[in-house]
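> Contents are PDB, C-alpha atoms; file name entry.pdb:
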ATOM      1  CA  MET L   1       2.696   5.922  -2.650  1.00  0.00           C
ATOM      2  CA  ARG L   2       2.915   4.744   0.945  1.00  0.00           C
ATOM      3  CA  LEU L   3      -0.146   3.949   3.071  1.00  0.00           C
ATOM      4  CA  GLU L   4       0.771   6.668   5.575  1.00  0.00           C
ATOM      5  CA  THR L   5       0.889   9.315   2.826  1.00  0.00           C
ATOM      6  CA  VAL L   6      -2.439   8.282   1.334  1.00  0.00           C
ATOM      7  CA  ILE L   7      -4.150   8.274   4.725  1.00  0.00           C
ATOM      8  CA  SER L   8      -2.670  11.600   5.799  1.00  0.00           C
ATOM      9  CA  GLN L   9      -3.790  13.258   2.537  1.00  0.00           C
ATOM     10  CA  PHE L  10      -7.152  11.600   1.971  1.00  0.00           C
ATOM     11  CA  GLY L  11      -8.089   9.906   5.255  1.00  0.00           C
ATOM     12  CA  TYR L  12     -10.797  12.192   6.599  1.00  0.00           C
ATOM     13  CA  PRO L  13     -12.502  13.039   3.265  1.00  0.00           C
ATOM     14  CA  ALA L  14     -12.430   9.324   2.361  1.00  0.00           C
ATOM     15  CA  LEU L  15     -13.887   8.535   5.783  1.00  0.00           C
ATOM     16  CA  VAL L  16     -16.830  10.898   5.228  1.00  0.00           C
ATOM     17  CA  ILE L  17     -17.558   9.568   1.728  1.00  0.00           C
ATOM     18  CA  GLY L  18     -17.136   5.967   2.877  1.00  0.00           C
ATOM     19  CA  LEU L  19     -19.461   6.477   5.828  1.00  0.00           C
ATOM     20  CA  LEU L  20     -22.173   7.550   3.410  1.00  0.00           C
ATOM     21  CA  LEU L  21     -21.656   4.458   1.259  1.00  0.00           C
ATOM     22  CA  GLU L  22     -20.815   1.600   3.638  1.00  0.00           C
ATOM     23  CA  GLY L  23     -20.731   2.883   7.162  1.00  0.00           C
ATOM     24  CA  GLU L  24     -19.748  -0.038   9.370  1.00  0.00           C
ATOM     25  CA  THR L  25     -16.768  -1.234   7.355  1.00  0.00           C
ATOM     26  CA  VAL L  26     -15.419   2.268   6.831  1.00  0.00           C
ATOM     27  CA  LEU L  27     -15.872   3.177  10.486  1.00  0.00           C
ATOM     28  CA  VAL L  28     -14.075   0.024  11.641  1.00  0.00           C
ATOM     29  CA  LEU L  29     -11.303   0.752   9.154  1.00  0.00           C
ATOM     30  CA  GLY L  30     -11.050   4.393  10.255  1.00  0.00           C
ATOM     31  CA  ALA L  31     -10.865   3.415  13.918  1.00  0.00           C
ATOM     32  CA  PHE L  32      -8.209   0.813  13.123  1.00  0.00           C
ATOM     33  CA  MET L  33      -6.199   3.484  11.298  1.00  0.00           C
ATOM     34  CA  ALA L  34      -6.647   5.795  14.282  1.00  0.00           C
ATOM     35  CA  HIS L  35      -5.421   3.082  16.629  1.00  0.00           C
ATOM     36  CA  ARG L  36      -2.371   2.672  14.403  1.00  0.00           C
ATOM     37  CA  GLY L  37      -1.708   6.431  14.695  1.00  0.00           C
ATOM     38  CA  TYR L  38      -2.684   7.604  11.205  1.00  0.00           C
ATOM     39  CA  LEU L  39      -5.941   9.293  12.200  1.00  0.00           C
ATOM     40  CA  ASN L  40      -7.324  10.811  15.379  1.00  0.00           C
ATOM     41  CA  LEU L  41      -9.806   8.432  17.062  1.00  0.00           C
ATOM     42  CA  PRO L  42     -12.005  11.117  18.681  1.00  0.00           C
ATOM     43  CA  LEU L  43     -12.243  12.835  15.277  1.00  0.00           C
ATOM     44  CA  VAL L  44     -13.085   9.528  13.552  1.00  0.00           C
ATOM     45  CA  ILE L  45     -15.825   8.921  16.145  1.00  0.00           C
ATOM     46  CA  ALA L  46     -17.125  12.502  15.850  1.00  0.00           C
ATOM     47  CA  LEU L  47     -17.220  12.333  12.044  1.00  0.00           C
ATOM     48  CA  GLY L  48     -18.935   8.937  12.182  1.00  0.00           C
ATOM     49  CA  CYS L  49     -21.585  10.275  14.511  1.00  0.00           C
ATOM     50  CA  ALA L  50     -22.084  13.494  12.518  1.00  0.00           C
ATOM     51  CA  VAL L  51     -22.350  11.749   9.133  1.00  0.00           C
ATOM     52  CA  SER L  52     -24.693   9.093  10.510  1.00  0.00           C
ATOM     53  CA  PHE L  53     -26.897  11.693  12.193  1.00  0.00           C
ATOM     54  CA  ALA L  54     -26.920  13.990   9.132  1.00  0.00           C
ATOM     55  CA  SER L  55     -27.834  11.100   6.835  1.00  0.00           C
ATOM     56  CA  ASP L  56     -30.777  10.102   9.013  1.00  0.00           C
ATOM     57  CA  GLN L  57     -31.919  13.721   9.260  1.00  0.00           C
ATOM     58  CA  PHE L  58     -31.752  14.081   5.475  1.00  0.00           C
ATOM     59  CA  PHE L  59     -33.997  11.051   4.962  1.00  0.00           C
ATOM     60  CA  PHE L  60     -36.354  12.150   7.742  1.00  0.00           C
ATOM     61  CA  TRP L  61     -36.847  15.539   6.096  1.00  0.00           C
ATOM     62  CA  LEU L  62     -37.080  13.996   2.631  1.00  0.00           C
ATOM     63  CA  GLY L  63     -39.971  11.906   3.964  1.00  0.00           C
ATOM     64  CA  ARG L  64     -41.517  14.920   5.674  1.00  0.00           C
ATOM     65  CA  THR L  65     -41.349  17.136   2.562  1.00  0.00           C
ATOM     66  CA  GLN L  66     -41.610  14.691  -0.374  1.00  0.00           C
ATOM     67  CA  GLY L  67     -43.311  11.650   1.155  1.00  0.00           C
ATOM     68  CA  SER L  68     -45.747   9.905  -1.146  1.00  0.00           C
ATOM     69  CA  ARG L  69     -44.551  11.688  -4.293  1.00  0.00           C
ATOM     70  CA  PHE L  70     -41.054  10.307  -3.740  1.00  0.00           C
ATOM     71  CA  LEU L  71     -42.367   6.769  -3.114  1.00  0.00           C
ATOM     72  CA  GLU L  72     -44.555   6.766  -6.228  1.00  0.00           C
ATOM     73  CA  GLN L  73     -41.417   7.080  -8.354  1.00  0.00           C
ATOM     74  CA  ARG L  74     -39.523   4.339  -6.484  1.00  0.00           C
ATOM     75  CA  PRO L  75     -41.390   1.024  -6.241  1.00  0.00           C
ATOM     76  CA  MET L  76     -38.590  -0.754  -4.319  1.00  0.00           C
ATOM     77  CA  TRP L  77     -38.603   1.983  -1.698  1.00  0.00           C
ATOM     78  CA  LYS L  78     -42.363   1.579  -1.422  1.00  0.00           C
ATOM     79  CA  LEU L  79     -41.918  -2.101  -0.483  1.00  0.00           C
ATOM     80  CA  HIS L  80     -39.377  -1.204   2.200  1.00  0.00           C
ATOM     81  CA  ALA L  81     -41.533   1.709   3.384  1.00  0.00           C
ATOM     82  CA  ASP L  82     -44.483  -0.639   3.930  1.00  0.00           C
ATOM     83  CA  LYS L  83     -42.240  -2.902   6.010  1.00  0.00           C
ATOM     84  CA  ALA L  84     -40.940   0.119   7.974  1.00  0.00           C
ATOM     85  CA  ARG L  85     -44.477   1.397   8.642  1.00  0.00           C
ATOM     86  CA  SER L  86     -45.317  -1.887  10.320  1.00  0.00           C
ATOM     87  CA  LEU L  87     -42.569  -1.196  12.883  1.00  0.00           C
ATOM     88  CA  LEU L  88     -43.719   2.335  13.765  1.00  0.00           C
ATOM     89  CA  GLY L  89     -46.490   1.433  16.162  1.00  0.00           C
ATOM     90  CA  ARG L  90     -44.388  -0.559  18.618  1.00  0.00           C
ATOM     91  CA  ASN L  91     -41.930   1.844  20.265  1.00  0.00           C
ATOM     92  CA  PRO L  92     -41.047   4.749  17.973  1.00  0.00           C
ATOM     93  CA  ASP L  93     -38.487   6.241  20.376  1.00  0.00           C
ATOM     94  CA  ALA L  94     -36.525   2.981  20.557  1.00  0.00           C
ATOM     95  CA  LEU L  95     -36.909   2.647  16.803  1.00  0.00           C
ATOM     96  CA  ALA L  96     -35.340   6.095  16.320  1.00  0.00           C
ATOM     97  CA  VAL L  97     -32.403   5.024  18.504  1.00  0.00           C
ATOM     98  CA  GLY L  98     -31.975   1.715  16.677  1.00  0.00           C
ATOM     99  CA  ILE L  99     -32.268   2.926  13.076  1.00  0.00           C
ATOM    100  CA  ARG L 100     -28.536   2.666  12.350  1.00  0.00           C
ATOM    101  CA  PHE L 101     -28.492  -0.954  13.472  1.00  0.00           C
ATOM    102  CA  MET L 102     -31.380  -2.008  11.183  1.00  0.00           C
ATOM    103  CA  TYR L 103     -29.649  -2.920   7.960  1.00  0.00           C
ATOM    104  CA  GLY L 104     -31.974  -2.885   4.981  1.00  0.00           C
ATOM    105  CA  LEU L 105     -34.304  -0.356   6.591  1.00  0.00           C
ATOM    106  CA  ARG L 106     -31.923   2.282   7.890  1.00  0.00           C
ATOM    107  CA  THR L 107     -32.506   4.767   5.075  1.00  0.00           C
ATOM    108  CA  VAL L 108     -36.202   4.099   4.669  1.00  0.00           C
ATOM    109  CA  LEU L 109     -37.026   4.145   8.402  1.00  0.00           C
ATOM    110  CA  PRO L 110     -36.100   7.818   8.906  1.00  0.00           C
ATOM    111  CA  PHE L 111     -37.981   8.565   5.678  1.00  0.00           C
ATOM    112  CA  VAL L 112     -41.119   6.807   6.944  1.00  0.00           C
ATOM    113  CA  MET L 113     -40.788   8.446  10.353  1.00  0.00           C
ATOM    114  CA  GLY L 114     -40.614  11.773   8.545  1.00  0.00           C
ATOM    115  CA  MET L 115     -43.770  10.898   6.595  1.00  0.00           C
ATOM    116  CA  SER L 116     -45.542  10.106   9.841  1.00  0.00           C
ATOM    117  CA  LYS L 117     -46.288  12.836  12.267  1.00  0.00           C
ATOM    118  CA  PHE L 118     -43.385  11.828  14.493  1.00  0.00           C
ATOM    119  CA  ASP L 119     -42.095  14.967  16.204  1.00  0.00           C
ATOM    120  CA  ALA L 120     -38.946  16.235  14.427  1.00  0.00           C
ATOM    121  CA  LYS L 121     -37.184  17.376  17.611  1.00  0.00           C
ATOM    122  CA  ARG L 122     -37.910  14.087  19.330  1.00  0.00           C
ATOM    123  CA  PHE L 123     -36.622  12.199  16.302  1.00  0.00           C
ATOM    124  CA  ALA L 124     -33.433  14.283  16.263  1.00  0.00           C
ATOM    125  CA  PHE L 125     -32.843  13.654  19.979  1.00  0.00           C
ATOM    126  CA  PHE L 126     -33.264   9.877  19.806  1.00  0.00           C
ATOM    127  CA  ASP L 127     -31.515   9.651  16.445  1.00  0.00           C
ATOM    128  CA  PHE L 128     -28.472  11.430  17.865  1.00  0.00           C
ATOM    129  CA  ILE L 129     -28.323   8.910  20.715  1.00  0.00           C
ATOM    130  CA  GLY L 130     -28.548   6.086  18.168  1.00  0.00           C
ATOM    131  CA  ALA L 131     -25.866   7.618  15.940  1.00  0.00           C
ATOM    132  CA  ALA L 132     -23.541   7.970  18.941  1.00  0.00           C
ATOM    133  CA  LEU L 133     -24.142   4.360  20.047  1.00  0.00           C
ATOM    134  CA  TRP L 134     -23.628   3.041  16.522  1.00  0.00           C
ATOM    135  CA  THR L 135     -20.432   5.023  16.073  1.00  0.00           C
ATOM    136  CA  LEU L 136     -19.016   3.954  19.421  1.00  0.00           C
ATOM    137  CA  THR L 137     -19.866   0.301  18.711  1.00  0.00           C
ATOM    138  CA  PHE L 138     -18.097   0.126  15.355  1.00  0.00           C
ATOM    139  CA  GLY L 139     -15.370   2.573  16.320  1.00  0.00           C
ATOM    140  CA  LEU L 140     -14.451   0.452  19.319  1.00  0.00           C
ATOM    141  CA  ALA L 141     -14.515  -2.639  17.085  1.00  0.00           C
ATOM    142  CA  GLY L 142     -11.832  -1.032  14.911  1.00  0.00           C
ATOM    143  CA  LYS L 143      -9.775  -0.169  17.969  1.00  0.00           C
ATOM    144  CA  LEU L 144     -10.160  -3.749  19.217  1.00  0.00           C
ATOM    145  CA  ILE L 145      -8.872  -5.050  15.874  1.00  0.00           C
ATOM    146  CA  GLY L 146      -5.856  -2.774  16.320  1.00  0.00           C
ATOM    147  CA  HIS L 147      -5.175  -4.231  19.778  1.00  0.00           C
ATOM    148  CA  ALA L 148      -5.617  -7.766  18.458  1.00  0.00           C
ATOM    149  CA  ALA L 149      -3.177  -7.101  15.605  1.00  0.00           C
ATOM    150  CA  GLU L 150      -0.558  -5.874  18.066  1.00  0.00           C
ATOM    151  CA  ALA L 151      -1.080  -8.955  20.230  1.00  0.00           C
ATOM    152  CA  LEU L 152      -0.882 -11.354  17.271  1.00  0.00           C
ATOM    153  CA  PHE L 153       2.001  -9.862  15.338  1.00  0.00           C
ATOM    154  CA  GLU L 154       5.395  -8.800  16.613  1.00  0.00           C
ATOM    155  CA  ASN L 155       5.584  -6.196  13.876  1.00  0.00           C
ATOM    156  CA  ALA L 156       1.953  -5.130  13.372  1.00  0.00           C
ATOM    157  CA  LYS L 157       3.015  -2.326  11.019  1.00  0.00           C
ATOM    158  CA  ALA L 158       4.296  -4.855   8.484  1.00  0.00           C
ATOM    159  CA  HIS L 159       0.870  -6.526   8.477  1.00  0.00           C
ATOM    160  CA  GLU L 160      -1.240  -3.336   8.159  1.00  0.00           C
ATOM    161  CA  PRO L 161      -2.045  -3.758   4.436  1.00  0.00           C
ATOM    162  CA  THR L 162      -3.186  -7.336   5.041  1.00  0.00           C
ATOM    163  CA  ILE L 163      -5.322  -6.273   8.007  1.00  0.00           C
ATOM    164  CA  VAL L 164      -6.869  -3.422   5.987  1.00  0.00           C
ATOM    165  CA  ILE L 165      -7.692  -5.830   3.163  1.00  0.00           C
ATOM    166  CA  GLY L 166      -9.090  -8.271   5.732  1.00  0.00           C
ATOM    167  CA  ILE L 167     -11.390  -5.602   7.188  1.00  0.00           C
ATOM    168  CA  ILE L 168     -12.590  -4.648   3.703  1.00  0.00           C
ATOM    169  CA  VAL L 169     -13.171  -8.288   2.694  1.00  0.00           C
ATOM    170  CA  ALA L 170     -14.992  -9.048   5.964  1.00  0.00           C
ATOM    171  CA  GLY L 171     -17.164  -5.955   5.471  1.00  0.00           C
ATOM    172  CA  GLY L 172     -17.881  -7.017   1.899  1.00  0.00           C
ATOM    173  CA  ILE L 173     -18.883 -10.508   2.990  1.00  0.00           C
ATOM    174  CA  VAL L 174     -21.223  -9.108   5.642  1.00  0.00           C
ATOM    175  CA  TRP L 175     -22.683  -6.684   3.067  1.00  0.00           C
ATOM    176  CA  LEU L 176     -23.255  -9.497   0.543  1.00  0.00           C
ATOM    177  CA  TYR L 177     -24.855 -11.696   3.194  1.00  0.00           C
ATOM    178  CA  ARG L 178     -27.168  -8.911   4.353  1.00  0.00           C
ATOM    179  CA  SER L 179     -28.066  -8.111   0.746  1.00  0.00           C
ATOM    180  CA  TYR L 180     -28.856 -11.769   0.145  1.00  0.00           C
ATOM    181  CA  LEU L 181     -31.069 -11.909   3.235  1.00  0.00           C
ATOM    182  CA  GLY L 182     -32.794  -8.680   2.213  1.00  0.00           C
ATOM    183  CA  ARG L 183     -33.625 -10.029  -1.238  1.00  0.00           C
ATOM    184  CA  LYS L 184     -34.746 -13.338   0.224  1.00  0.00           C
ATOM    185  CA  GLN L 185     -37.180 -11.571   2.564  1.00  0.00           C
ATOM    186  CA  SER L 186     -38.584  -9.250  -0.138  1.00  0.00           C
TER     187      SER L 186
END
Give the structure from this file in structure tokens form.

Amino acid sequence: MRLETVISQFGYPALVIGLLLEGETVLVLGAFMAHRGYLNLPLVIALGCAVSFASDQFFFWLGRTQGSRFLEQRPMWKLHADKARSLLGRNPDALAVGIRFMYGLRTVLPFVMGMSKFDAKRFAFFDFIGAALWTLTFGLAGKLIGHAAEALFENAKAHEPTIVIGIIVAGGIVWLYRSYLGRKQS
């Protein structure tokens, strides 16, 4: 099966699922595929923003409704929640904007903000701004990779599988490094 066929049949559903699992890499990959003409870049950006925002809202409301009961059953989350609580007092609005960029805390931070008495509408407003900034950042990175591929290779299409594998490997390396740092700090 050709890459074009796979992307045209499964591209957007795979994008949504991938964004929930490993957002940055999948968003860069989706934007690269959009630059290459397989997907629609505004739709990739819109889906990235919507999935990011919805994920944060889910964890915010999980914290608001389940809070301490949820943490009692998950000791590792409790450790991360304690770390996240220490960040709340500084500038909660900026924190709500920056959640997506805080690897290692980006699921627990909305949860902790939900547990606090942070206003839900205010959180949604600043979280949406953060989701849009995050999506534009990594979406534009994918588009930039597409431009770089065209500048480097006479026939960029022939190198697409290699570039896709390169994006996935680079994302995996970054993920492993961040995981290592997260364990080292715990």
> Write out as a PyMOL selection string which residues come within 7 Å of stretch 77-90 of chain L when counting all atoms listed in the file, dropping same-chain ones fewer than 2 positions away.
chain L and resi 71+74-75+92+105+108-109+112
> Have a look at L:His147, L:Arg2, L:Arg69, L:Arg178 and name the one nearest to L:Ile163; count all atoms listed in the file.
L:His147
> With only C-alpha atoms as the atoms that count, which of L:Gly23, L:Gly67, L:Gly11, L:Pro161 lies nearest to L:Arg106?
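Under the stated criterion, the closest residue is L:Gly23.
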> Pull out every residue that the PyMOL selection byres ((chain L and resi 25) around 9) matches in the shown coordinates and put them as number ranges by chain.
L: 18-19, 22-24, 26-30, 138, 167-168, 170-172
> Please identify all polymer residues within 10 Å of L:Leu43, counting all atoms listed in the file, omitting same-chain residues fewer than 6 positions from it, and present them as a PyMOL selection string.
chain L and resi 12+30-31+34+49
> Of the candidates L:Met113, L:Leu136, L:Ala141, L:Leu95, which shows the shortest atom-to-atom distance to L:Leu47, using all atoms listed in the file?
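The answer is L:Leu136, which sits nearest to L:Leu47.
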> Using only C-alpha atoms, which protein or nucleic acid residues come within 8 Å of L:Trp61? Drop anything in the same chain fewer than 3 positions from it, and give the result as a list in words.
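In the requested form, the answer reads Gln57, Phe58, Arg64, Thr65, Phe111 and Gly114 of chain L.
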> So how far away is atom CA of L:Trp134 from atom CA of L:Lys121, in Å?
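We find that atom CA of L:Lys121 and atom CA of L:Trp134 lie 19.8 Å from each other.
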> For stretch 117-150 of chain L, which lacks atoms in the input, supply N, CA and C atoms and format the output as an mmCIF file, in the coordinates of the input.

data_model
loop_
_atom_site.group_PDB
_atom_site.id
_atom_site.type_symbol
_atom_site.label_atom_id
_atom_site.label_comp_id
_atom_site.auth_asym_id
_atom_site.auth_seq_id
_atom_site.Cartn_x
_atom_site.Cartn_y
_atom_site.Cartn_z
ATOM 1 N N LYS L 117 -46.271 11.577 11.528
ATOM 2 C CA LYS L 117 -46.288 12.836 12.267
ATOM 3 C C LYS L 117 -45.390 12.770 13.499
ATOM 4 N N PHE L 118 -44.359 11.932 13.409
ATOM 5 C CA PHE L 118 -43.385 11.828 14.493
ATOM 6 C C PHE L 118 -42.719 13.193 14.676
ATOM 7 N N ASP L 119 -42.640 13.649 15.901
ATOM 8 C CA ASP L 119 -42.095 14.967 16.204
ATOM 9 C C ASP L 119 -40.625 15.059 15.759
ATOM 10 N N ALA L 120 -40.288 16.078 14.996
ATOM 11 C CA ALA L 120 -38.946 16.235 14.427
ATOM 12 C C ALA L 120 -37.882 16.415 15.506
ATOM 13 N N LYS L 121 -38.171 17.178 16.543
ATOM 14 C CA LYS L 121 -37.184 17.376 17.611
ATOM 15 C C LYS L 121 -36.960 16.085 18.391
ATOM 16 N N ARG L 122 -38.014 15.360 18.625
ATOM 17 C CA ARG L 122 -37.910 14.087 19.330
ATOM 18 C C ARG L 122 -37.115 13.089 18.495
ATOM 19 N N PHE L 123 -37.382 13.082 17.191
ATOM 20 C CA PHE L 123 -36.622 12.199 16.302
ATOM 21 C C PHE L 123 -35.140 12.562 16.344
ATOM 22 N N ALA L 124 -34.830 13.846 16.251
ATOM 23 C CA ALA L 124 -33.433 14.283 16.263
ATOM 24 C C ALA L 124 -32.743 13.865 17.558
ATOM 25 N N PHE L 125 -33.416 14.018 18.685
ATOM 26 C CA PHE L 125 -32.843 13.654 19.979
ATOM 27 C C PHE L 125 -32.501 12.167 20.029
ATOM 28 N N PHE L 126 -33.490 11.315 19.720
ATOM 29 C CA PHE L 126 -33.264 9.877 19.806
ATOM 30 C C PHE L 126 -32.335 9.386 18.694
ATOM 31 N N ASP L 127 -32.404 10.023 17.543
ATOM 32 C CA ASP L 127 -31.515 9.651 16.445
ATOM 33 C C ASP L 127 -30.066 9.972 16.804
ATOM 34 N N PHE L 128 -29.835 11.085 17.466
ATOM 35 C CA PHE L 128 -28.472 11.430 17.865
ATOM 36 C C PHE L 128 -27.924 10.392 18.846
ATOM 37 N N ILE L 129 -28.746 9.957 19.769
ATOM 38 C CA ILE L 129 -28.323 8.910 20.715
ATOM 39 C C ILE L 129 -27.963 7.638 19.932
ATOM 40 N N GLY L 130 -28.815 7.272 18.982
ATOM 41 C CA GLY L 130 -28.548 6.086 18.168
ATOM 42 C C GLY L 130 -27.286 6.218 17.337
ATOM 43 N N ALA L 131 -27.071 7.392 16.746
ATOM 44 C CA ALA L 131 -25.866 7.618 15.940
ATOM 45 C C ALA L 131 -24.622 7.507 16.815
ATOM 46 N N ALA L 132 -24.686 8.049 18.023
ATOM 47 C CA ALA L 132 -23.541 7.970 18.941
ATOM 48 C C ALA L 132 -23.270 6.522 19.348
ATOM 49 N N LEU L 133 -24.321 5.766 19.667
ATOM 50 C CA LEU L 133 -24.142 4.360 20.047
ATOM 51 C C LEU L 133 -23.577 3.531 18.896
ATOM 52 N N TRP L 134 -24.096 3.765 17.706
ATOM 53 C CA TRP L 134 -23.628 3.041 16.522
ATOM 54 C C TRP L 134 -22.156 3.343 16.263
ATOM 55 N N THR L 135 -21.807 4.612 16.341
ATOM 56 C CA THR L 135 -20.432 5.023 16.073
ATOM 57 C C THR L 135 -19.478 4.455 17.122
ATOM 58 N N LEU L 136 -19.870 4.516 18.370
ATOM 59 C CA LEU L 136 -19.016 3.954 19.421
ATOM 60 C C LEU L 136 -18.855 2.443 19.248
ATOM 61 N N THR L 137 -19.924 1.755 18.896
ATOM 62 C CA THR L 137 -19.866 0.301 18.711
ATOM 63 C C THR L 137 -18.853 -0.083 17.644
ATOM 64 N N PHE L 138 -18.982 0.508 16.462
ATOM 65 C CA PHE L 138 -18.097 0.126 15.355
ATOM 66 C C PHE L 138 -16.726 0.788 15.455
ATOM 67 N N GLY L 139 -16.665 1.946 16.081
ATOM 68 C CA GLY L 139 -15.370 2.573 16.320
ATOM 69 C C GLY L 139 -14.536 1.755 17.293
ATOM 70 N N LEU L 140 -15.170 1.286 18.349
ATOM 71 C CA LEU L 140 -14.451 0.452 19.319
ATOM 72 C C LEU L 140 -14.065 -0.895 18.715
ATOM 73 N N ALA L 141 -14.868 -1.390 17.775
ATOM 74 C CA ALA L 141 -14.515 -2.639 17.085
ATOM 75 C C ALA L 141 -13.209 -2.453 16.300
ATOM 76 N N GLY L 142 -13.066 -1.316 15.641
ATOM 77 C CA GLY L 142 -11.832 -1.032 14.911
ATOM 78 C C GLY L 142 -10.637 -0.922 15.834
ATOM 79 N N LYS L 143 -10.850 -0.286 16.977
ATOM 80 C CA LYS L 143 -9.775 -0.169 17.969
ATOM 81 C C LYS L 143 -9.412 -1.552 18.510
ATOM 82 N N LEU L 144 -10.396 -2.390 18.742
ATOM 83 C CA LEU L 144 -10.160 -3.749 19.217
ATOM 84 C C LEU L 144 -9.342 -4.551 18.192
ATOM 85 N N ILE L 145 -9.651 -4.378 16.923
ATOM 86 C CA ILE L 145 -8.872 -5.050 15.874
ATOM 87 C C ILE L 145 -7.420 -4.581 15.931
ATOM 88 N N GLY L 146 -7.216 -3.294 16.181
ATOM 89 C CA GLY L 146 -5.856 -2.774 16.320
ATOM 90 C C GLY L 146 -5.117 -3.426 17.481
ATOM 91 N N HIS L 147 -5.778 -3.562 18.622
ATOM 92 C CA HIS L 147 -5.175 -4.231 19.778
ATOM 93 C C HIS L 147 -4.878 -5.696 19.469
ATOM 94 N N ALA L 148 -5.806 -6.353 18.800
ATOM 95 C CA ALA L 148 -5.617 -7.766 18.458
ATOM 96 C C ALA L 148 -4.429 -7.931 17.507
ATOM 97 N N ALA L 149 -4.291 -7.030 16.548
ATOM 98 C CA ALA L 149 -3.177 -7.101 15.605
ATOM 99 C C ALA L 149 -1.849 -6.963 16.334
ATOM 100 N N GLU L 150 -1.793 -6.055 17.300
ATOM 101 C CA GLU L 150 -0.558 -5.874 18.066
ATOM 102 C C GLU L 150 -0.256 -7.094 18.929
#
